[in-house]
Amino acid sequence: MSAPMARRGRVALRCARGLLAASVAAALSLWLGASCGSVAPERGAATPRPTVPPDFTPTPGSDPVPMVEIPAGLFLRGSACPDAPSDEQPQAWVRLSAFLIDKYEVTNERFCAFLNALLNAVVQEDVFSAQGKLVYKMSSSHAHIHGTVGQFSVDPGWENHPVSMVTWFGAREYARWVGKRLPTEAEWERAARGTDGRNYPWGGAEANGCTDGWDPARCCNGQHRGPGLPGTFPVGSFPSGASPDGVHDMAGNVWEWVADIYSETYYAQGPTEDPQGPKKGSLRVLRGGGWYNSIAERFRCAYRRAEKPTYASSAVGFRCARDVSS
Ligand SMILES: [Ca+2]
């Protein structure tokens, strides 16, 4: 059975189970009206909001993007130049196990497949997780995935642009669906700058200053942005800006969610072998700079930004990673 057929089969099975339950639970029938499209909510009843189910089955292989293997070893994390923000200090050698990371940012087309696999309702509003967390801010005028006639589609021409308006929760749920995970903050930085502590994916010597090597022609940024809104380019549009390992758009296009909780003092206090981030904290880390930024500092591989995990922006997306052994 093909993957699409299998998905349709699972959706049909969910609907059949739900319809049986609806015959004995009137309240539940309202939910089914939204999730299966077969039982209309009563007039005047509150419309259940679109929700990613909590118990979906990961479908490894449903994410056709190439991945780059980063070998195990040491890399130089953080910054030593005097004008670097304090949360990037101290600079230190960090050891990582081998891992795989997506060569490109997750696109609208790939995220649309996720929504189509898990939601079966006409939606013109925001999508939430089963725990009530915002996943995708579809109501934004900068969102380019919309629900029509019972399925989602990408606005023509935006298929290969990076998805945006996705929260940290949405990024995590997508990664879980494709059998991957978000990269740790350290993995992301290693994939962006290699092992030698360069300022940007393409180079730049920190000894000459934190923004040595900045070249706005090598990435999507405020000085060189796409013509639409959001001002992104299709992923992989800047091969001269790829990292030493061939990972694209680590500087610019969209900021990227990583797995870690943010702590300003984590580099000073955390481990230097496979760091996973602090255990507690209310903010998550974003990396790499976005299409509207014009400040060279934002695109440095070591630059750290923190936002609430429910934050959604037209300049924020993500990519996935996984263990080599998984
Ligand atoms: Ca990026």
# chains A, B, ... in the order shown; residues from 1 in each chain; ligands from 1
>>> residues_near_ligand(ligand="ligand 1", cutoff="7 Å", atoms="only C-alpha atoms and all ligand atoms", output="list of chain:residue names")
A:Glu105, A:Asp249, A:Met250, A:Ala251, A:Gly252, A:Asn253, A:Val254, A:Trp255, A:Glu256, A:Gly288, A:Gly289, A:Gly290
>>> closest_atom_pairs(of="stretch 84-141 of chain A", to="stretch 195-216 of chain A", cutoff="10 Å", atoms="only C-alpha atoms", output="tab-separated table")
residue	atom	partner	partner_atom	distance
A:Ala84	CA	A:Cys210	CA	6.7
A:Gln91	CA	A:Gly197	CA	9.0
A:Ala92	CA	A:Gly197	CA	9.6
A:Trp93	CA	A:Thr195	CA	8.9
A:Val94	CA	A:Thr195	CA	9.5
>>> atom_distance(atom1="atom CA of A:Val235", atom2="atom CA of A:Arg110")
12.0 Å
>>> closest_residue(among="A:Phe169, A:Phe114, A:Tyr136, A:Trp177", to="A:Pro58", atoms="only C-alpha atoms")
A:Trp177
>>> closest_residue(among="A:Ser282, A:Arg319, A:Glu307, A:Thr57", to="A:Arg176", atoms="only C-alpha atoms")
A:Thr57
>>> closest_residue(among="A:Cys220, A:Val247, A:Val178, A:Val65", to="A:Asn293", atoms="only C-alpha atoms")
A:Cys220
>>> closest_residue(among="A:Gly270, A:Pro64, A:Pro85, A:Pro230", to="A:His144", atoms="only C-alpha atoms")
A:Pro230
>>> atom_distance(atom1="atom CA of A:Ile101", atom2="atom CA of A:Glu185")
12.1 Å
>>> closest_residue(among="A:Pro90, A:Gly317, A:Pro278, A:Gly73", to="A:Tyr262", atoms="only C-alpha atoms")
A:Pro278
>>> residues_around(residues="A:Arg172", least_positions_apart="6", cutoff="8 Å", atoms="only C-alpha atoms", output="VMD selection string")
chain A and resid 181 to 182 259
>>> select_by_dssp(residues="stretch 225-266 of chain A", states="helix (DSSP H, G or I)", output="VMD selection string")
chain A and resid 239 to 241 266
>>> atom_distance(atom1="atom CA of A:Ala315", atom2="atom CA of A:Trp291")
6.3 Å
>>> closest_residue(among="A:Tyr292, A:Asp63, A:Trp188, A:Arg298", to="A:Gly226", atoms="only C-alpha atoms")
A:Tyr292
>>> select_by_dssp(residues="stretch 180-275 of chain A", states="strand (DSSP E or B)", output="list in words")
Arg181, Tyr200, Gly203, Asn221, His224, Trp255, Glu256, Trp257, Val258, Ala259, Asp260, Ile261 and Glu273 of chain A
>>> write_last_selection(atoms="C-alpha atoms", output="mmCIF file, in the first residue's frame")
data_model
loop_
_atom_site.group_PDB
_atom_site.id
_atom_site.type_symbol
_atom_site.label_atom_id
_atom_site.label_comp_id
_atom_site.auth_asym_id
_atom_site.auth_seq_id
_atom_site.Cartn_x
_atom_site.Cartn_y
_atom_site.Cartn_z
ATOM 1 C CA ARG A 181 13.415 15.968 15.790
ATOM 2 C CA TYR A 200 29.300 33.084 8.726
ATOM 3 C CA GLY A 203 33.680 32.277 6.199
ATOM 4 C CA ASN A 221 18.346 39.383 4.132
ATOM 5 C CA HIS A 224 18.829 41.361 -0.565
ATOM 6 C CA TRP A 255 15.107 32.295 11.486
ATOM 7 C CA GLU A 256 15.040 28.677 12.625
ATOM 8 C CA TRP A 257 13.620 27.157 15.795
ATOM 9 C CA VAL A 258 15.926 24.713 17.550
ATOM 10 C CA ALA A 259 15.054 22.303 20.334
ATOM 11 C CA ASP A 260 16.700 24.083 23.252
ATOM 12 C CA ILE A 261 15.277 26.221 26.005
ATOM 13 C CA GLU A 273 29.508 17.315 25.340
#
>>> residues_around(residues="A:Glu173", least_positions_apart="2", cutoff="12 Å", atoms="only C-alpha atoms", output="number ranges by chain")
A: 51-58, 111, 114-115, 118, 127-131, 133-136, 166-171, 175-182, 259, 318, 320
